[in-house]
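Below is my_file_18.pdb, which holds PDB, C-alpha atoms and all ligand atoms.
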ATOM      1  CA  MET A   1      67.340 121.231  88.194  1.00  0.00           C
ATOM      2  CA  THR A   2      68.953 123.074  85.293  1.00  0.00           C
ATOM      3  CA  LYS A   3      66.756 124.478  82.579  1.00  0.00           C
ATOM      4  CA  LEU A   4      66.123 122.098  79.681  1.00  0.00           C
ATOM      5  CA  ARG A   5      66.049 123.571  76.180  1.00  0.00           C
ATOM      6  CA  LEU A   6      64.810 121.567  73.213  1.00  0.00           C
ATOM      7  CA  HIS A   7      65.778 122.864  69.774  1.00  0.00           C
ATOM      8  CA  GLY A   8      63.420 121.698  67.048  1.00  0.00           C
ATOM      9  CA  THR A   9      60.380 122.322  64.887  1.00  0.00           C
ATOM     10  CA  ALA A  10      56.782 121.290  65.525  1.00  0.00           C
ATOM     11  CA  LEU A  11      56.497 119.116  62.389  1.00  0.00           C
ATOM     12  CA  SER A  12      59.591 116.976  62.975  1.00  0.00           C
ATOM     13  CA  GLY A  13      58.805 113.459  64.176  1.00  0.00           C
ATOM     14  CA  HIS A  14      62.326 113.165  65.584  1.00  0.00           C
ATOM     15  CA  VAL A  15      61.622 116.219  67.742  1.00  0.00           C
ATOM     16  CA  HIS A  16      58.091 115.067  68.569  1.00  0.00           C
ATOM     17  CA  ARG A  17      59.286 111.838  70.198  1.00  0.00           C
ATOM     18  CA  VAL A  18      61.462 113.927  72.551  1.00  0.00           C
ATOM     19  CA  SER A  19      58.654 116.439  73.276  1.00  0.00           C
ATOM     20  CA  LEU A  20      56.375 113.531  74.060  1.00  0.00           C
ATOM     21  CA  PHE A  21      58.810 112.040  76.561  1.00  0.00           C
ATOM     22  CA  LEU A  22      59.568 115.410  78.204  1.00  0.00           C
ATOM     23  CA  ASN A  23      55.826 115.792  78.698  1.00  0.00           C
ATOM     24  CA  ILE A  24      55.397 112.258  80.010  1.00  0.00           C
ATOM     25  CA  LEU A  25      58.170 112.841  82.552  1.00  0.00           C
ATOM     26  CA  ARG A  26      56.602 116.270  83.282  1.00  0.00           C
ATOM     27  CA  LEU A  27      59.965 117.963  82.704  1.00  0.00           C
ATOM     28  CA  GLU A  28      59.590 121.681  82.219  1.00  0.00           C
ATOM     29  CA  HIS A  29      61.495 122.873  79.181  1.00  0.00           C
ATOM     30  CA  GLU A  30      61.894 125.718  76.738  1.00  0.00           C
ATOM     31  CA  PHE A  31      61.184 124.954  73.066  1.00  0.00           C
ATOM     32  CA  VAL A  32      63.624 126.778  70.771  1.00  0.00           C
ATOM     33  CA  GLU A  33      62.403 127.001  67.167  1.00  0.00           C
ATOM     34  CA  ALA A  34      65.158 125.756  64.812  1.00  0.00           C
ATOM     35  CA  GLY A  35      64.013 125.959  61.206  1.00  0.00           C
ATOM     36  CA  ALA A  36      66.313 125.417  58.211  1.00  0.00           C
ATOM     37  CA  GLN A  37      67.924 128.870  58.457  1.00  0.00           C
ATOM     38  CA  VAL A  38      68.736 128.475  62.142  1.00  0.00           C
ATOM     39  CA  ARG A  39      70.117 124.964  61.537  1.00  0.00           C
ATOM     40  CA  ALA A  40      72.514 126.378  58.933  1.00  0.00           C
ATOM     41  CA  SER A  41      73.862 129.059  61.309  1.00  0.00           C
ATOM     42  CA  PRO A  42      77.329 128.819  62.901  1.00  0.00           C
ATOM     43  CA  GLU A  43      75.716 129.078  66.372  1.00  0.00           C
ATOM     44  CA  PHE A  44      73.566 126.020  65.747  1.00  0.00           C
ATOM     45  CA  ARG A  45      76.448 124.114  64.122  1.00  0.00           C
ATOM     46  CA  LYS A  46      78.332 124.537  67.401  1.00  0.00           C
ATOM     47  CA  LEU A  47      75.484 122.657  69.105  1.00  0.00           C
ATOM     48  CA  ASN A  48      75.247 119.986  66.394  1.00  0.00           C
ATOM     49  CA  PRO A  49      77.813 120.003  63.581  1.00  0.00           C
ATOM     50  CA  LEU A  50      75.467 117.699  61.605  1.00  0.00           C
ATOM     51  CA  GLY A  51      72.942 120.552  61.527  1.00  0.00           C
ATOM     52  CA  GLN A  52      70.077 118.299  62.641  1.00  0.00           C
ATOM     53  CA  ILE A  53      67.290 118.636  65.149  1.00  0.00           C
ATOM     54  CA  PRO A  54      66.505 117.694  67.855  1.00  0.00           C
ATOM     55  CA  VAL A  55      69.195 119.077  70.135  1.00  0.00           C
ATOM     56  CA  LEU A  56      68.712 119.053  73.893  1.00  0.00           C
ATOM     57  CA  GLU A  57      70.565 121.367  76.254  1.00  0.00           C
ATOM     58  CA  ASP A  58      70.601 120.454  79.922  1.00  0.00           C
ATOM     59  CA  GLY A  59      72.812 123.055  81.573  1.00  0.00           C
ATOM     60  CA  GLU A  60      76.295 122.557  80.141  1.00  0.00           C
ATOM     61  CA  LEU A  61      75.323 119.301  78.445  1.00  0.00           C
ATOM     62  CA  VAL A  62      74.463 119.427  74.741  1.00  0.00           C
ATOM     63  CA  LEU A  63      72.995 116.262  73.193  1.00  0.00           C
ATOM     64  CA  SER A  64      71.942 115.467  69.634  1.00  0.00           C
ATOM     65  CA  ASP A  65      70.061 112.519  68.167  1.00  0.00           C
ATOM     66  CA  SER A  66      66.486 111.865  69.227  1.00  0.00           C
ATOM     67  CA  ASN A  67      67.048 108.308  70.444  1.00  0.00           C
ATOM     68  CA  ALA A  68      70.194 109.270  72.373  1.00  0.00           C
ATOM     69  CA  ILE A  69      68.207 112.065  74.016  1.00  0.00           C
ATOM     70  CA  LEU A  70      65.404 109.646  74.982  1.00  0.00           C
ATOM     71  CA  VAL A  71      67.952 107.311  76.594  1.00  0.00           C
ATOM     72  CA  TYR A  72      69.573 110.228  78.447  1.00  0.00           C
ATOM     73  CA  LEU A  73      66.252 111.513  79.778  1.00  0.00           C
ATOM     74  CA  ALA A  74      65.185 108.039  80.947  1.00  0.00           C
ATOM     75  CA  LYS A  75      68.467 107.364  82.735  1.00  0.00           C
ATOM     76  CA  ARG A  76      68.855 110.882  84.150  1.00  0.00           C
ATOM     77  CA  TYR A  77      65.279 111.674  85.186  1.00  0.00           C
ATOM     78  CA  ASP A  78      63.496 108.312  85.457  1.00  0.00           C
ATOM     79  CA  ALA A  79      66.227 105.890  86.570  1.00  0.00           C
ATOM     80  CA  GLY A  80      64.802 102.431  87.189  1.00  0.00           C
ATOM     81  CA  GLY A  81      61.499 103.492  85.604  1.00  0.00           C
ATOM     82  CA  PRO A  82      59.521 101.531  83.030  1.00  0.00           C
ATOM     83  CA  TRP A  83      60.601 103.445  79.900  1.00  0.00           C
ATOM     84  CA  LEU A  84      64.064 101.876  79.595  1.00  0.00           C
ATOM     85  CA  PRO A  85      64.356  98.465  81.252  1.00  0.00           C
ATOM     86  CA  GLU A  86      67.766  97.659  82.729  1.00  0.00           C
ATOM     87  CA  ASP A  87      67.736  93.876  82.478  1.00  0.00           C
ATOM     88  CA  PRO A  88      69.734  92.553  79.499  1.00  0.00           C
ATOM     89  CA  VAL A  89      66.788  91.197  77.516  1.00  0.00           C
ATOM     90  CA  GLY A  90      64.488  94.136  78.268  1.00  0.00           C
ATOM     91  CA  ALA A  91      67.183  96.667  77.292  1.00  0.00           C
ATOM     92  CA  ALA A  92      67.979  94.762  74.089  1.00  0.00           C
ATOM     93  CA  ARG A  93      64.297  94.614  73.095  1.00  0.00           C
ATOM     94  CA  VAL A  94      64.009  98.399  73.438  1.00  0.00           C
ATOM     95  CA  GLN A  95      67.281  98.934  71.550  1.00  0.00           C
ATOM     96  CA  ARG A  96      66.023  96.809  68.674  1.00  0.00           C
ATOM     97  CA  TRP A  97      63.103  99.198  68.155  1.00  0.00           C
ATOM     98  CA  LEU A  98      65.280 102.284  68.588  1.00  0.00           C
ATOM     99  CA  SER A  99      67.343 100.921  65.688  1.00  0.00           C
ATOM    100  CA  ILE A 100      64.177 100.290  63.681  1.00  0.00           C
ATOM    101  CA  ALA A 101      63.091 103.885  64.422  1.00  0.00           C
ATOM    102  CA  ALA A 102      66.418 105.164  63.022  1.00  0.00           C
ATOM    103  CA  GLY A 103      66.248 102.733  60.082  1.00  0.00           C
ATOM    104  CA  GLU A 104      62.990 101.458  58.603  1.00  0.00           C
ATOM    105  CA  VAL A 105      60.779 104.099  60.273  1.00  0.00           C
ATOM    106  CA  MET A 106      62.997 106.952  59.034  1.00  0.00           C
ATOM    107  CA  TYR A 107      63.583 105.528  55.534  1.00  0.00           C
ATOM    108  CA  GLY A 108      60.000 104.282  55.131  1.00  0.00           C
ATOM    109  CA  PRO A 109      57.141 106.460  56.463  1.00  0.00           C
ATOM    110  CA  GLY A 110      59.511 109.278  57.527  1.00  0.00           C
ATOM    111  CA  THR A 111      61.049 109.673  54.087  1.00  0.00           C
ATOM    112  CA  ALA A 112      57.731 109.184  52.246  1.00  0.00           C
ATOM    113  CA  ARG A 113      56.345 112.112  54.277  1.00  0.00           C
ATOM    114  CA  LEU A 114      59.422 114.278  53.601  1.00  0.00           C
ATOM    115  CA  ILE A 115      58.999 113.684  49.875  1.00  0.00           C
ATOM    116  CA  ALA A 116      55.216 114.267  49.839  1.00  0.00           C
ATOM    117  CA  LEU A 117      55.122 117.340  52.090  1.00  0.00           C
ATOM    118  CA  TRP A 118      58.413 119.090  51.395  1.00  0.00           C
ATOM    119  CA  ASN A 119      59.453 117.753  48.013  1.00  0.00           C
ATOM    120  CA  ALA A 120      62.610 116.337  49.576  1.00  0.00           C
ATOM    121  CA  PRO A 121      64.866 114.401  47.218  1.00  0.00           C
ATOM    122  CA  GLY A 122      64.301 110.650  47.303  1.00  0.00           C
ATOM    123  CA  ASP A 123      62.500 107.764  45.661  1.00  0.00           C
ATOM    124  CA  PRO A 124      58.869 107.653  46.821  1.00  0.00           C
ATOM    125  CA  ALA A 125      58.381 104.068  45.563  1.00  0.00           C
ATOM    126  CA  ARG A 126      61.346 102.864  47.609  1.00  0.00           C
ATOM    127  CA  ALA A 127      60.113 104.709  50.734  1.00  0.00           C
ATOM    128  CA  GLN A 128      56.627 103.188  50.215  1.00  0.00           C
ATOM    129  CA  ALA A 129      58.126  99.696  49.881  1.00  0.00           C
ATOM    130  CA  ILE A 130      60.182 100.089  53.070  1.00  0.00           C
ATOM    131  CA  ALA A 131      57.088 101.445  54.884  1.00  0.00           C
ATOM    132  CA  GLU A 132      54.930  98.521  53.753  1.00  0.00           C
ATOM    133  CA  ARG A 133      57.498  95.948  54.847  1.00  0.00           C
ATOM    134  CA  LEU A 134      57.854  97.684  58.228  1.00  0.00           C
ATOM    135  CA  LEU A 135      54.096  98.001  58.782  1.00  0.00           C
ATOM    136  CA  THR A 136      53.509  94.363  57.846  1.00  0.00           C
ATOM    137  CA  PHE A 137      56.115  93.330  60.406  1.00  0.00           C
ATOM    138  CA  MET A 138      54.656  95.668  63.064  1.00  0.00           C
ATOM    139  CA  GLU A 139      51.150  94.359  62.348  1.00  0.00           C
ATOM    140  CA  THR A 140      52.216  90.755  62.984  1.00  0.00           C
ATOM    141  CA  HIS A 141      54.132  91.728  66.124  1.00  0.00           C
ATOM    142  CA  LEU A 142      51.347  93.904  67.538  1.00  0.00           C
ATOM    143  CA  ALA A 143      48.685  91.281  66.850  1.00  0.00           C
ATOM    144  CA  GLY A 144      50.201  89.456  69.840  1.00  0.00           C
ATOM    145  CA  HIS A 145      51.513  92.377  71.930  1.00  0.00           C
ATOM    146  CA  ASP A 146      50.031  95.650  73.231  1.00  0.00           C
ATOM    147  CA  TYR A 147      53.358  97.488  73.015  1.00  0.00           C
ATOM    148  CA  LEU A 148      56.519  97.033  70.975  1.00  0.00           C
ATOM    149  CA  ALA A 149      59.166  95.967  73.489  1.00  0.00           C
ATOM    150  CA  ALA A 150      57.516  95.139  76.826  1.00  0.00           C
ATOM    151  CA  ALA A 151      54.156  94.591  78.508  1.00  0.00           C
ATOM    152  CA  GLY A 152      53.813  98.372  78.951  1.00  0.00           C
ATOM    153  CA  PRO A 153      54.989 101.380  76.933  1.00  0.00           C
ATOM    154  CA  THR A 154      58.741 102.020  76.636  1.00  0.00           C
ATOM    155  CA  LEU A 155      61.055 104.295  74.663  1.00  0.00           C
ATOM    156  CA  ALA A 156      60.577 101.832  71.778  1.00  0.00           C
ATOM    157  CA  ASP A 157      56.964 102.961  71.369  1.00  0.00           C
ATOM    158  CA  LEU A 158      57.758 106.662  71.636  1.00  0.00           C
ATOM    159  CA  ALA A 159      60.590 106.430  69.088  1.00  0.00           C
ATOM    160  CA  CYS A 160      58.420 104.632  66.522  1.00  0.00           C
ATOM    161  CA  TYR A 161      55.118 106.439  67.140  1.00  0.00           C
ATOM    162  CA  SER A 162      55.395 109.829  65.408  1.00  0.00           C
ATOM    163  CA  TYR A 163      56.325 108.847  61.836  1.00  0.00           C
ATOM    164  CA  VAL A 164      54.067 105.776  61.859  1.00  0.00           C
ATOM    165  CA  ALA A 165      51.107 107.869  63.100  1.00  0.00           C
ATOM    166  CA  HIS A 166      51.755 110.425  60.354  1.00  0.00           C
ATOM    167  CA  ALA A 167      52.405 107.882  57.596  1.00  0.00           C
ATOM    168  CA  PRO A 168      49.264 108.908  55.639  1.00  0.00           C
ATOM    169  CA  GLU A 169      50.862 112.350  55.124  1.00  0.00           C
ATOM    170  CA  GLY A 170      53.386 110.483  53.003  1.00  0.00           C
ATOM    171  CA  ARG A 171      50.599 108.627  51.163  1.00  0.00           C
ATOM    172  CA  VAL A 172      51.240 105.461  53.187  1.00  0.00           C
ATOM    173  CA  SER A 173      47.830 104.115  54.220  1.00  0.00           C
ATOM    174  CA  LEU A 174      47.345 102.620  57.690  1.00  0.00           C
ATOM    175  CA  GLU A 175      44.022 101.047  56.681  1.00  0.00           C
ATOM    176  CA  PRO A 176      45.453  97.522  56.138  1.00  0.00           C
ATOM    177  CA  TYR A 177      47.055  97.500  59.605  1.00  0.00           C
ATOM    178  CA  PRO A 178      44.373  97.356  62.376  1.00  0.00           C
ATOM    179  CA  ALA A 179      46.768  96.175  65.117  1.00  0.00           C
ATOM    180  CA  VAL A 180      49.103  99.078  64.313  1.00  0.00           C
ATOM    181  CA  ARG A 181      46.161 101.495  64.509  1.00  0.00           C
ATOM    182  CA  ASP A 182      45.121 100.048  67.891  1.00  0.00           C
ATOM    183  CA  TRP A 183      48.703 100.479  69.125  1.00  0.00           C
ATOM    184  CA  LEU A 184      48.739 104.128  67.947  1.00  0.00           C
ATOM    185  CA  ALA A 185      45.494 104.678  69.871  1.00  0.00           C
ATOM    186  CA  ARG A 186      47.084 103.167  73.000  1.00  0.00           C
ATOM    187  CA  ILE A 187      49.969 105.673  72.772  1.00  0.00           C
ATOM    188  CA  GLU A 188      47.526 108.522  72.169  1.00  0.00           C
ATOM    189  CA  ALA A 189      45.630 107.491  75.324  1.00  0.00           C
ATOM    190  CA  LEU A 190      48.727 107.972  77.523  1.00  0.00           C
ATOM    191  CA  PRO A 191      47.891 110.691  80.089  1.00  0.00           C
ATOM    192  CA  ALA A 192      50.596 113.134  79.013  1.00  0.00           C
ATOM    193  CA  PHE A 193      50.233 112.548  75.255  1.00  0.00           C
ATOM    194  CA  VAL A 194      50.772 115.581  73.017  1.00  0.00           C
ATOM    195  CA  ALA A 195      50.034 115.309  69.300  1.00  0.00           C
ATOM    196  CA  MET A 196      52.291 116.406  66.469  1.00  0.00           C
ATOM    197  CA  PRO A 197      50.302 118.811  64.249  1.00  0.00           C
ATOM    198  CA  ARG A 198      48.802 117.168  61.152  1.00  0.00           C
ATOM    199  CA  SER A 199      49.967 118.396  57.746  1.00  0.00           C
ATOM    200  CA  GLN A 200      47.983 118.477  54.553  1.00  0.00           C
ATOM    201  CA  VAL A 201      49.275 116.258  51.745  1.00  0.00           C
ATOM    202  CA  PRO A 202      49.407 118.482  48.661  1.00  0.00           C
ATOM    203  CA  ALA A 203      47.001 117.267  45.942  1.00  0.00           C
TER
HETATM  204  N1  LIG B 301      69.384 110.589  63.735  1.00  0.00           N
HETATM  205  C1  LIG B 301      68.826 111.883  63.946  1.00  0.00           C
HETATM  206  C2  LIG B 301      68.067 112.351  62.710  1.00  0.00           C
HETATM  207  C3  LIG B 301      67.436 113.706  62.917  1.00  0.00           C
HETATM  208  C4  LIG B 301      66.929 114.314  61.628  1.00  0.00           C
HETATM  209  O1  LIG B 301      67.025 113.737  60.538  1.00  0.00           O
HETATM  210  N2  LIG B 301      66.390 115.519  61.790  1.00  0.00           N
HETATM  211  C5  LIG B 301      65.894 116.249  60.630  1.00  0.00           C
HETATM  212  C6  LIG B 301      64.565 116.900  60.944  1.00  0.00           C
HETATM  213  S1  LIG B 301      63.316 115.705  61.167  1.00  0.00           S
HETATM  214  C7  LIG B 301      66.868 117.339  60.298  1.00  0.00           C
HETATM  215  O2  LIG B 301      67.340 118.044  61.161  1.00  0.00           O
HETATM  216  N3  LIG B 301      67.178 117.469  59.012  1.00  0.00           N
HETATM  217  C8  LIG B 301      68.044 118.488  58.514  1.00  0.00           C
HETATM  218  C9  LIG B 301      69.288 117.918  57.917  1.00  0.00           C
HETATM  219  O3  LIG B 301      69.511 116.706  58.008  1.00  0.00           O
HETATM  220  O4  LIG B 301      70.038 118.721  57.361  1.00  0.00           O
HETATM  221  C10 LIG B 301      67.924 111.872  65.180  1.00  0.00           C
HETATM  222  O5  LIG B 301      67.375 110.810  65.508  1.00  0.00           O
HETATM  223  O6  LIG B 301      67.777 112.911  65.837  1.00  0.00           O
END

Can the structure in the file be given as structure tokens, please?
Amino acid sequence: MTKLRLHGTALSGHVHRVSLFLNILRLEHEFVEAGAQVRASPEFRKLNPLGQIPVLEDGELVLSDSNAILVYLAKRYDAGGPWLPEDPVGAARVQRWLSIAAGEVMYGPGTARLIALWNAPGDPARAQAIAERLLTFMETHLAGHDYLAAAGPTLADLACYSYVAHAPEGRVSLEPYPAVRDWLARIEALPAFVAMPRSQVPA
């Protein structure tokens, strides 16, 4: 097997979902630190012209976008496994949550955290509103299901986990959502779970 290299930073939820899956699949890999300065460099822009992390290198292959990387890893290293069902309905259910991870999760709890921790530009009230709508929907869904897209964990859960788990860092409380908190605990109980470091919300 060629050497896998994951470019990222420890506090990025987009990177964390990939780290989590690499760990779950027990795929040895090198973590290459890619802070803002590195991401602006011409070398990094050759890997991802958008300048975003994560980027995965697998030999000659260079892949960007966290959800695309999850799909690649499932199909390449766990074909037929439980993380990405192949039947039409199962695949569509996972894809729905991958889209939610790139939409509501990113623009809700993800953006609220970016604003609170790093003073990123954006409207905190709008991010809070998106987060609350998302969490209310997840709460209803998870009241009747243990996992988001299937009877067991799939890529859907990994893609949505990191920014929802760290929502309080963006001043989005998880207190009103007990089924969401139980779901987070189920992901954290997975044997190969690795946590994303917690950050302090500035006062
Ligand atoms: N759709 C991308 C989004 C990745 C993303 O937004 N990464 C952030 C870090 S969490 C980043 O690199 N931001 C720098 C920038 O956009 O310039 C993915 O899923 O990988």

Chain A near ligand LIG 301 (chain B) within 9 Å: what's each residue's closest atom pair and its distance in Å to one decimal, counting all atoms listed in the file, ordered by chain then ascending residue number, as JSON lines?
{"residue": "A:Gly8", "atom": "CA", "partner": "B:LIG301", "partner_atom": "C6", "distance": 7.8}
{"residue": "A:Thr9", "atom": "CA", "partner": "B:LIG301", "partner_atom": "C6", "distance": 7.9}
{"residue": "A:Leu11", "atom": "CA", "partner": "B:LIG301", "partner_atom": "S1", "distance": 7.7}
{"residue": "A:Ser12", "atom": "CA", "partner": "B:LIG301", "partner_atom": "S1", "distance": 4.3}
{"residue": "A:Gly13", "atom": "CA", "partner": "B:LIG301", "partner_atom": "S1", "distance": 5.9}
{"residue": "A:His14", "atom": "CA", "partner": "B:LIG301", "partner_atom": "S1", "distance": 5.2}
{"residue": "A:Val15", "atom": "CA", "partner": "B:LIG301", "partner_atom": "S1", "distance": 6.8}
{"residue": "A:Ala34", "atom": "CA", "partner": "B:LIG301", "partner_atom": "O2", "distance": 8.8}
{"residue": "A:Gly35", "atom": "CA", "partner": "B:LIG301", "partner_atom": "O2", "distance": 8.6}
{"residue": "A:Ala36", "atom": "CA", "partner": "B:LIG301", "partner_atom": "C8", "distance": 7.1}
{"residue": "A:Arg39", "atom": "CA", "partner": "B:LIG301", "partner_atom": "C8", "distance": 7.4}
{"residue": "A:Ala40", "atom": "CA", "partner": "B:LIG301", "partner_atom": "O4", "distance": 8.2}
{"residue": "A:Leu50", "atom": "CA", "partner": "B:LIG301", "partner_atom": "O4", "distance": 7.0}
{"residue": "A:Gly51", "atom": "CA", "partner": "B:LIG301", "partner_atom": "O4", "distance": 5.4}
{"residue": "A:Gln52", "atom": "CA", "partner": "B:LIG301", "partner_atom": "O2", "distance": 3.1}
{"residue": "A:Ile53", "atom": "CA", "partner": "B:LIG301", "partner_atom": "O2", "distance": 4.0}
{"residue": "A:Pro54", "atom": "CA", "partner": "B:LIG301", "partner_atom": "O6", "distance": 5.3}
{"residue": "A:Val55", "atom": "CA", "partner": "B:LIG301", "partner_atom": "O6", "distance": 7.6}
{"residue": "A:Ser64", "atom": "CA", "partner": "B:LIG301", "partner_atom": "O6", "distance": 6.2}
{"residue": "A:Asp65", "atom": "CA", "partner": "B:LIG301", "partner_atom": "O6", "distance": 3.3}
{"residue": "A:Ser66", "atom": "CA", "partner": "B:LIG301", "partner_atom": "O6", "distance": 3.8}
{"residue": "A:Asn67", "atom": "CA", "partner": "B:LIG301", "partner_atom": "O5", "distance": 5.5}
{"residue": "A:Ala68", "atom": "CA", "partner": "B:LIG301", "partner_atom": "O5", "distance": 7.6}
{"residue": "A:Ile69", "atom": "CA", "partner": "B:LIG301", "partner_atom": "O6", "distance": 8.2}
{"residue": "A:Ala101", "atom": "CA", "partner": "B:LIG301", "partner_atom": "O5", "distance": 8.2}
{"residue": "A:Ala102", "atom": "CA", "partner": "B:LIG301", "partner_atom": "N1", "distance": 6.2}
{"residue": "A:Met106", "atom": "CA", "partner": "B:LIG301", "partner_atom": "O1", "distance": 8.0}
{"residue": "A:Gly110", "atom": "CA", "partner": "B:LIG301", "partner_atom": "S1", "distance": 8.3}
{"residue": "A:Leu114", "atom": "CA", "partner": "B:LIG301", "partner_atom": "S1", "distance": 8.6}
{"residue": "A:Ala159", "atom": "CA", "partner": "B:LIG301", "partner_atom": "O5", "distance": 8.8}

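Here CA of Met196 (chain A) is placed at a distance of 26.6 Å from CA of Ala79 (chain A).
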
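A straight line drawn from CA of Gln128 (chain A) to CA of Ala185 (chain A) is 22.6 Å long.
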
What would the selection look like, as a CSV table (one decimal) with C-alpha atoms, in the frame of the given file, if the PyMOL selection byres (((chain A and resi 17-32) around 6) and not hetatm) were run on the coordinates I just shared?
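See expr_36.csv below for the written result:
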chain,number,residue,atom,x,y,z
A,4,LEU,CA,66.1,122.1,79.7
A,5,ARG,CA,66.0,123.6,76.2
A,6,LEU,CA,64.8,121.6,73.2
A,7,HIS,CA,65.8,122.9,69.8
A,14,HIS,CA,62.3,113.2,65.6
A,15,VAL,CA,61.6,116.2,67.7
A,16,HIS,CA,58.1,115.1,68.6
A,33,GLU,CA,62.4,127.0,67.2
A,158,LEU,CA,57.8,106.7,71.6
A,159,ALA,CA,60.6,106.4,69.1
A,192,ALA,CA,50.6,113.1,79.0

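Distances here use only C-alpha atoms; by that measure, the residue among A:Ala156, A:Ala195, A:Ala189, A:Ala127 closest to Ala91 (chain A) is A:Ala156.
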
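Across the model, the gap from CA of Gly81 (chain A) to CA of His141 (chain A) is 23.9 Å.
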
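Proximity ranking of A:Gly90, A:Pro197, A:Pro121, A:Pro153 relative to Ala165 (chain A) places A:Pro197 first, based on only C-alpha atoms.
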
| task | Name the residues that the PyMOL selection byres (((chain A and resi 100) around 12) and not hetatm) picks from the file above, as JSON, numbers by chain, using the file's chain letters and numbers. | result | {"A": [67, 93, 94, 95, 96, 97, 98, 99, 101, 102, 103, 104, 105, 106, 107, 108, 109, 110, 130, 131, 133, 134, 135, 137, 138, 148, 149, 156, 157, 159, 160, 161, 163, 164]}

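Here the question is which of A:Arg113, A:Arg76, A:Arg126, A:His145 gets nearest to Arg198 (chain A) using all atoms listed in the file, and that residue is A:Arg113.
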
Min atom-atom distance to Asp58 (chain A) from the set A:Asp146, A:Lys3, A:Arg186, A:Ala167, counting all atoms listed in the file, belongs to A:Lys3

Of A:Val89, A:Leu84, A:Leu117, A:Leu47, the one sitting nearest Gln200 (chain A) when using only C-alpha atoms is A:Leu117

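Each of A:Gly170, A:Gly152, A:Ala92, A:Glu132 was checked against Ala120 (chain A) using only C-alpha atoms; the smallest atom-to-atom distance is that of A:Gly170.
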
Centre, x/y/z edge lengths, axis-aligned box for region 8-13 of chain A with 8 Å per side, as JSON:
{"center_x": 60.0, "center_y": 117.9, "center_z": 64.7, "size_x": 22.9, "size_y": 24.9, "size_z": 20.7}
